[in-house]
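Here is the structure we will look at, set down as structure tokens.
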Amino acid sequence: MKLKHLLAIGLLSLVPALGNAAEQANAPTATGETGLFTILTGDTLPRGGWSFGLYYNNWDRVLDLDGLDVEEESVDWNRLSASVGYGITDRWELSLAVPYDDYDFDFRGFDADASGLGNAILGTKFRLLGNAGDPTTLALNLFAELPTGDDDVASDDAGFGAGLGWRVNKWAFDVKYRDPGDPFGEELKGGIGYVGQVSERFDWITELVGTFYSGDDDFNFDDDDDDNTGFAPFDDSYDLTTGGRLWLGADGNWAFNFALRTNLASLGDIDEHCPIGGLLGLTYFPRFFERPAPPPPPPPP
């Protein structure tokens, strides 16, 4: 195991012990909806409020393609995404995210790349339980993936999905179902997140997200599309992400985001795969910082 791998894994364990409600750490996620880095909370944008997100994400994935007679080969997945969001009401928000994906495949020493615009993600989120400032909120998330992307990285068909986001004080939980469209198989994601408030303007966010793929890992390029429906390109993954969200500006609405990420499912084969990734981001989200109560008025003379 290389020294840089040990250092990166060590950094992933450095999570601040301080905690506060995860609501004050909300910002657009990598897919545009309100939440942490990738986990959705039960909160939504306030009525008339805008959000903006610009993210670079890197994930490590493992291929298992029997149709190519290739086993356990790694993929370096890079995504640059931009998103905007708007609060229709205090309980209903809309978002739109456009990703650019780059896949670096390593087939036993032979490198192959695939890159291009991914399908645009149109999302809507409804807060079902709780109000702004409450310790617990629950929201329903629905989204469609519009067939606007390049054939090299995205499906020609429209995709769709649904999920729930739940915030409980400094914890966040979400679950999401996704059908990306033919020829790819369905996905199920589940995540848990924790927010530690280091200071009034610095939040430390940790997420653990499992992604489970359904479908066949045998993709036959010579047959028609019907035979390739339900193709599962990657092995299941367990991404541990931890990093900071530093709020900037006089109003504290802008934030600089950074984190390290590792795929726990690849740690056993660290000599063959480098499971270390991460993210960088710049986000805008309407929020307010907690202010100390004003001092009581002086007693009358």
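Residue numbering restarts at 1 in every chain; chains get A, B, ... in the order shown in the structure tokens, and ligands count up from 1 in that same order.
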
10 Å contact set for Tyr103 in chain A, only C-alpha atoms, chain neighbours under 5 positions out, as an MDAnalysis selection string
chainID A and resid 58:59 61 75:79 112:116 152:153

Exercise: Ile205 in chain A partners within 6 Å, only C-alpha atoms, chain neighbours under 3 positions left out, as a PyMOL selection string
chain A and resi 194-195+242-244

Please indicate the distance in Å from CA of Phe173 in chain A to CA of Trp254 in chain A, rounded to one decimal place.
24.1 Å

Could you find all residues in range 47-99 of chain A that DSSP calls strand (DSSP E or B) from the backbone, and write them as a ChimeraX atom specification?
/A:50-65,70-89,92-99

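Distances here use only C-alpha atoms; by that measure, the residue among A:Leu142, A:Val175, A:Ala22, A:Ala82 closest to Gly118 in chain A is A:Ala82.
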